[in-house]
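Student: Below is the structure I would like to discuss, written out as structure tokens.
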Amino acid sequence: MISKATIDQVYETARLEEVIGDFVQLKKSGSNFKGLSPFSDERSPSFMVSPVKQIWKDFSSGKGGNVVAFLMEHEHFTYPEAIKYLAKKYNIEIEETEQSNEQKEAQNKRESLYLVSEYANKYFQNILHKTNQGKAIGLSYFKERGFTEDTITKFNLGYSTDEWSAFTDDAIKKGYKLEFLSETGLTIDKGDKQFDRFKGRVMFPIQSMSGRVLGFGGRILTNDKKAAKYLNSPESDIYHKSKVLYGIFHAKQSIAKEDNCYLVEGYTDVIQFHQTGVTNTVSSSGTALTSDQIRLINRLTKNITVLFDGDAAGMRASLRGIDLILEQGMNVRVCSFPEGEDPDSFAKTNTLEELNHYLEQNAKDFIQFKASVLYEDSKNDPIKKADTIRDIINSIAKIPDRIKKEVYIQECARIMDISEEVLFSTLAQIDKKETDSTSKRQGSTPKAFDVIKPQQPVKKVDVQFVLERKIIEVLLLYGNRTEDFEDLILKENDSGDLILEPVIHQTKVFEKVFLDLQEDEMEFSNPQFKDLYYKIIEALNQNPDLSAEHLINNVDAEVGNQITTILMEDERYELSDWERKNIFPKPKNETISQLVSETILSLRCHLIDLKVIGFQQQTLEQRNEVNKSVLEEVKDYSGLKMLLSRKLNRVL
């Protein structure tokens, strides 16, 4: 178990914006940061990070919490793993006790797969560097490719011996279960015998954005035509090849910093580019590019430069990937290398300066590239040329931004020597066809004159929900603050009229809220708010100086998410929107006592309204049997409502 002192030090040291910044490109937005959701597909950022409160909220998925909650959600870490990850990032020494055999067995299946993969990673590295076979075959191969010792170590490259079950035998001997060796695909289990999937291959571990080993790619070094040149781990609970990019762990910070991502095809392309100094490079691990992989890049940058080999046939086959990138609203440039060259070989024979110069000079906008590739085959054939133009327009139709569409149409008209009018007409037909297809899938038939849509009914505001939520927010933000409060004591004056007499006293905000609600016997109607209210009051009673940040760190994930949702809701609306209209609202922290008093008074008024409505309903039901006491109570409550409204400066 990790000691509480270590956990407290981690929370005090870790900076939420720095940790999340390793996974999501964040941009300053007032006192907060904004980014695209790492949990859902979106084009407009709704992911908010508050450095002041040290909490995050993803409004598209509803998830939220503190720094540990983010790592547990995003990287599927257990709580101890998240703490260890942060401790390592901030060089904090961890105090913990050795795990028992029972605790090891209690690890869930997913965690067991991670442990097996990490063991395999270290095993293959050890074979490469410390055995005669590994040095003679694996290490020699990597050095022939031009990789330095530092590069080999950086990418955790390894070697699996050309023996049927060397790895499997060693893993089982070390206590790793065959079930998990088989599940990760490291071992092929045939029932009566088991053997290594990657025997006789150099190994490329595939890491997540946080550096966890998810799977492997293995390259065979013999000329066996029956065996695949490259072999990847099969799909498992931790490895989904369509959702991971090779090199993303090492490239993520550089991608965000350079605001551009170079996308190549193979493992060695990535490694050679990194070694040369172009570290914002990743690959799709030899698979066709997928939407999930593009979204992974989209969280770090809006700009992708796709790097192709000099082979023309391969370039044409890869053009589909460009359309997928365009659909995500990203900016695409394309660069090809001279005939016979690929990113690996070109980077190996050129300096960083020469490589950067080549990329800058030869990276073309996607439409220029696509036109140049397709035009070569069609320039002397009118029918083929028409097909090429239609192909390019289909790509432009994928772009969600209308301004970009128009710019690309103009560019296409110039390159292909065709009128813009024809291209715009073709684009409109494609857009209409797509709209009709979408409507049909959704079960609605568009009508020719269906222009004016019926107005949606206005959603009724649940006043009590809003006020109860506001009380929770006040407790979270200011519950530990001591403020001067003006209490109103209801008295009769000499004439027998009810008056409110002000009394000033100093107290903690949470005590003021608790006593006022208790005095009026006001209960929360929302069960979640009610539960959260008592949890906050109990925590503040135990430690009156407890902050919202520390409270989040000491409650379970579900409660933490509720707290985050409440605290971050107001952050969605920018202060600048008001300032543009020359409206300057007074900061909440300058009017805390007023905010607390007005919120409680407003809740009192609302509850009085509910009481009065109830009495009125009772009177209607009794018809002729009008209850005099009911009318008296209505009168008293109406008088009290008037006094409270005066205090709130409201006109009834």
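By convention here, the chains of the structure tokens are called A, B, ... in the order presented, each chain's residues are numbered starting at 1, and ligands are numbered starting at 1 in the order presented.
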Under the rule of at most 12 Å, produce a per-residue listing of region 171-265 of chain A near region 275-281 of chain A: chain, number, name, the closest pair of atoms, and the distance in Å, as a tab-separated table, using only C-alpha atoms.

Tutor:
residue	atom	partner	partner_atom	distance
A:Leu245	CA	A:Thr281	CA	9.9
A:Tyr246	CA	A:Thr281	CA	9.0
A:Gly247	CA	A:Thr281	CA	7.0
A:Ile248	CA	A:Thr281	CA	7.8
A:Phe249	CA	A:Asn280	CA	10.3
A:His250	CA	A:Thr279	CA	7.4
A:Ala251	CA	A:Asn280	CA	4.8
A:Lys252	CA	A:Asn280	CA	7.0
A:Gln253	CA	A:Asn280	CA	7.9
A:Ser254	CA	A:Asn280	CA	5.0
A:Ile255	CA	A:Asn280	CA	4.7
A:Ala256	CA	A:Asn280	CA	8.4
A:Lys257	CA	A:Asn280	CA	8.8
A:Glu258	CA	A:Asn280	CA	7.4
A:Asp259	CA	A:Asn280	CA	9.0
A:Asn260	CA	A:Asn280	CA	7.1
A:Cys261	CA	A:Asn280	CA	5.4
A:Tyr262	CA	A:Thr281	CA	4.6
A:Leu263	CA	A:Thr281	CA	5.9
A:Val264	CA	A:Thr281	CA	7.2
A:Glu265	CA	A:Thr281	CA	10.3

Student: Let me see the file: selected residues, N, CA and C atoms, as a PDB file, in the first residue's frame.

Tutor:
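Written output follows (out-v9.pdb):
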ATOM      1  N   LEU A 245      -1.246   4.688 -32.028  1.00  0.00           N
ATOM      2  CA  LEU A 245      -0.254   5.117 -33.010  1.00  0.00           C
ATOM      3  C   LEU A 245       1.137   4.798 -32.475  1.00  0.00           C
ATOM      4  N   TYR A 246       1.955   4.196 -33.296  1.00  0.00           N
ATOM      5  CA  TYR A 246       3.313   3.875 -32.859  1.00  0.00           C
ATOM      6  C   TYR A 246       4.123   5.172 -32.736  1.00  0.00           C
ATOM      7  N   GLY A 247       4.758   5.334 -31.574  1.00  0.00           N
ATOM      8  CA  GLY A 247       5.591   6.512 -31.335  1.00  0.00           C
ATOM      9  C   GLY A 247       4.885   7.662 -30.656  1.00  0.00           C
ATOM     10  N   ILE A 248       3.567   7.527 -30.374  1.00  0.00           N
ATOM     11  CA  ILE A 248       2.808   8.654 -29.805  1.00  0.00           C
ATOM     12  C   ILE A 248       3.332   9.048 -28.427  1.00  0.00           C
ATOM     13  N   PHE A 249       3.826   8.087 -27.644  1.00  0.00           N
ATOM     14  CA  PHE A 249       4.345   8.399 -26.314  1.00  0.00           C
ATOM     15  C   PHE A 249       5.550   9.336 -26.410  1.00  0.00           C
ATOM     16  N   HIS A 250       6.446   9.073 -27.350  1.00  0.00           N
ATOM     17  CA  HIS A 250       7.652   9.892 -27.501  1.00  0.00           C
ATOM     18  C   HIS A 250       7.389  11.175 -28.291  1.00  0.00           C
ATOM     19  N   ALA A 251       6.295  11.199 -29.066  1.00  0.00           N
ATOM     20  CA  ALA A 251       6.057  12.332 -29.972  1.00  0.00           C
ATOM     21  C   ALA A 251       5.074  13.365 -29.446  1.00  0.00           C
ATOM     22  N   LYS A 252       4.273  13.020 -28.432  1.00  0.00           N
ATOM     23  CA  LYS A 252       3.123  13.855 -28.052  1.00  0.00           C
ATOM     24  C   LYS A 252       3.497  15.292 -27.715  1.00  0.00           C
ATOM     25  N   GLN A 253       4.552  15.488 -26.927  1.00  0.00           N
ATOM     26  CA  GLN A 253       4.919  16.850 -26.531  1.00  0.00           C
ATOM     27  C   GLN A 253       5.435  17.653 -27.721  1.00  0.00           C
ATOM     28  N   SER A 254       6.199  16.998 -28.578  1.00  0.00           N
ATOM     29  CA  SER A 254       6.739  17.667 -29.765  1.00  0.00           C
ATOM     30  C   SER A 254       5.620  18.024 -30.749  1.00  0.00           C
ATOM     31  N   ILE A 255       4.625  17.148 -30.876  1.00  0.00           N
ATOM     32  CA  ILE A 255       3.487  17.422 -31.771  1.00  0.00           C
ATOM     33  C   ILE A 255       2.762  18.684 -31.317  1.00  0.00           C
ATOM     34  N   ALA A 256       2.482  18.756 -30.004  1.00  0.00           N
ATOM     35  CA  ALA A 256       1.783  19.929 -29.465  1.00  0.00           C
ATOM     36  C   ALA A 256       2.637  21.189 -29.609  1.00  0.00           C
ATOM     37  N   LYS A 257       3.928  21.068 -29.355  1.00  0.00           N
ATOM     38  CA  LYS A 257       4.825  22.225 -29.424  1.00  0.00           C
ATOM     39  C   LYS A 257       4.978  22.738 -30.856  1.00  0.00           C
ATOM     40  N   GLU A 258       5.180  21.802 -31.798  1.00  0.00           N
ATOM     41  CA  GLU A 258       5.373  22.187 -33.210  1.00  0.00           C
ATOM     42  C   GLU A 258       4.040  22.470 -33.909  1.00  0.00           C
ATOM     43  N   ASP A 259       2.929  22.067 -33.269  1.00  0.00           N
ATOM     44  CA  ASP A 259       1.588  22.208 -33.854  1.00  0.00           C
ATOM     45  C   ASP A 259       1.508  21.546 -35.225  1.00  0.00           C
ATOM     46  N   ASN A 260       2.137  20.380 -35.310  1.00  0.00           N
ATOM     47  CA  ASN A 260       2.107  19.605 -36.552  1.00  0.00           C
ATOM     48  C   ASN A 260       2.521  18.173 -36.230  1.00  0.00           C
ATOM     49  N   CYS A 261       1.930  17.219 -36.952  1.00  0.00           N
ATOM     50  CA  CYS A 261       2.287  15.814 -36.762  1.00  0.00           C
ATOM     51  C   CYS A 261       2.665  15.202 -38.107  1.00  0.00           C
ATOM     52  N   TYR A 262       3.847  14.606 -38.167  1.00  0.00           N
ATOM     53  CA  TYR A 262       4.256  13.859 -39.357  1.00  0.00           C
ATOM     54  C   TYR A 262       3.774  12.425 -39.209  1.00  0.00           C
ATOM     55  N   LEU A 263       3.032  11.956 -40.205  1.00  0.00           N
ATOM     56  CA  LEU A 263       2.462  10.613 -40.172  1.00  0.00           C
ATOM     57  C   LEU A 263       3.162   9.753 -41.220  1.00  0.00           C
ATOM     58  N   VAL A 264       3.866   8.703 -40.776  1.00  0.00           N
ATOM     59  CA  VAL A 264       4.591   7.803 -41.678  1.00  0.00           C
ATOM     60  C   VAL A 264       3.957   6.416 -41.627  1.00  0.00           C
ATOM     61  N   GLU A 265       4.578   5.455 -42.342  1.00  0.00           N
ATOM     62  CA  GLU A 265       3.921   4.153 -42.466  1.00  0.00           C
ATOM     63  C   GLU A 265       4.450   3.079 -41.528  1.00  0.00           C
TER      64      GLU A 265
END

Student: Residues within 7 Å of Phe337 (chain A), please, as a list in words. Count only C-alpha atoms; anything in the same chain fewer than 2 positions from it doesn't count.

Tutor: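 In the requested form, the answer reads Phe308, Asp309, Gly310, Cys335, Glu339, Glu341 and Asp342 of chain A.
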
Student: Please save all heavy atoms of the selected residues as a tab-separated table (two decimals), in the first residue's frame.

Tutor:
chain	number	residue	atom	x	y	z
A	308	PHE	N	4.71	9.93	-47.66
A	308	PHE	CA	4.60	8.71	-48.45
A	308	PHE	C	5.96	8.28	-48.99
A	308	PHE	O	6.85	9.10	-49.20
A	308	PHE	CB	3.66	8.92	-49.64
A	308	PHE	CG	2.21	9.08	-49.26
A	308	PHE	CD1	1.49	10.19	-49.68
A	308	PHE	CD2	1.57	8.12	-48.50
A	308	PHE	CE1	0.16	10.34	-49.34
A	308	PHE	CE2	0.24	8.26	-48.16
A	308	PHE	CZ	-0.47	9.37	-48.58
A	309	ASP	N	6.06	6.97	-49.27
A	309	ASP	CA	7.23	6.47	-50.01
A	309	ASP	C	7.15	7.00	-51.44
A	309	ASP	O	6.11	7.51	-51.87
A	309	ASP	CB	7.23	4.94	-50.05
A	309	ASP	CG	7.31	4.33	-48.65
A	309	ASP	OD1	7.53	5.10	-47.70
A	309	ASP	OD2	7.15	3.11	-48.53
A	310	GLY	N	8.23	6.84	-52.18
A	310	GLY	CA	8.25	7.32	-53.57
A	310	GLY	C	7.40	6.49	-54.50
A	310	GLY	O	7.16	6.86	-55.64
A	335	CYS	N	3.59	14.92	-48.38
A	335	CYS	CA	4.95	15.01	-48.91
A	335	CYS	C	5.39	13.61	-49.34
A	335	CYS	O	5.26	12.65	-48.57
A	335	CYS	CB	5.90	15.57	-47.84
A	335	CYS	SG	7.61	15.72	-48.40
A	339	GLU	N	11.90	8.72	-55.90
A	339	GLU	CA	11.71	7.31	-56.27
A	339	GLU	C	12.78	6.45	-55.60
A	339	GLU	O	13.96	6.75	-55.63
A	339	GLU	CB	11.82	7.17	-57.80
A	339	GLU	CG	11.43	5.80	-58.32
A	339	GLU	CD	9.94	5.52	-58.25
A	339	GLU	OE1	9.15	6.46	-58.44
A	339	GLU	OE2	9.58	4.36	-57.99
A	341	GLU	N	13.11	5.97	-52.42
A	341	GLU	CA	13.38	6.42	-51.04
A	341	GLU	C	12.11	6.28	-50.19
A	341	GLU	O	10.99	6.33	-50.71
A	341	GLU	CB	13.82	7.88	-51.04
A	341	GLU	CG	15.17	8.13	-51.69
A	341	GLU	CD	16.32	8.03	-50.70
A	341	GLU	OE1	16.18	7.35	-49.67
A	341	GLU	OE2	17.38	8.64	-50.97
A	342	ASP	N	12.31	6.10	-48.90
A	342	ASP	CA	11.21	6.16	-47.95
A	342	ASP	C	11.66	7.03	-46.78
A	342	ASP	O	12.84	7.43	-46.72
A	342	ASP	CB	10.77	4.76	-47.51
A	342	ASP	CG	11.88	3.97	-46.84
A	342	ASP	OD1	12.83	4.60	-46.31
A	342	ASP	OD2	11.80	2.73	-46.83

Student: Can you pull out the residues contacting region 524-541 of chain A? Cut-off 10 Å, using only C-alpha atoms, and skip same-chain residues under 2 positions away; I want them as a ChimeraX atom specification.

Tutor: /A:464-465,467-469,471-473,475-476,479-480,508,510-511,513-514,517,521-522,543-548,551,554-555,559-560,562-563

Student: Quick one: of A:Glu18, A:Asp41, A:Asp484, A:Glu149, who's nearest to Lys89 (chain A), counting only C-alpha atoms?

Tutor: A:Glu18

Student: For Ile238 (chain A), which residue among A:Glu96, A:Asp344, A:Asp381, A:Glu75 is the nearest when counting only C-alpha atoms?

Tutor: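 So, comparing all the options, the nearest one is A:Glu75.
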
Student: With only C-alpha atoms as the atoms that count, which of A:Thr290, A:Asn394, A:Ser160, A:Thr591 lies nearest to Tyr478 (chain A)?

Tutor: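 Looking at the shortest contact to Tyr478 (chain A), the residue is A:Thr591.
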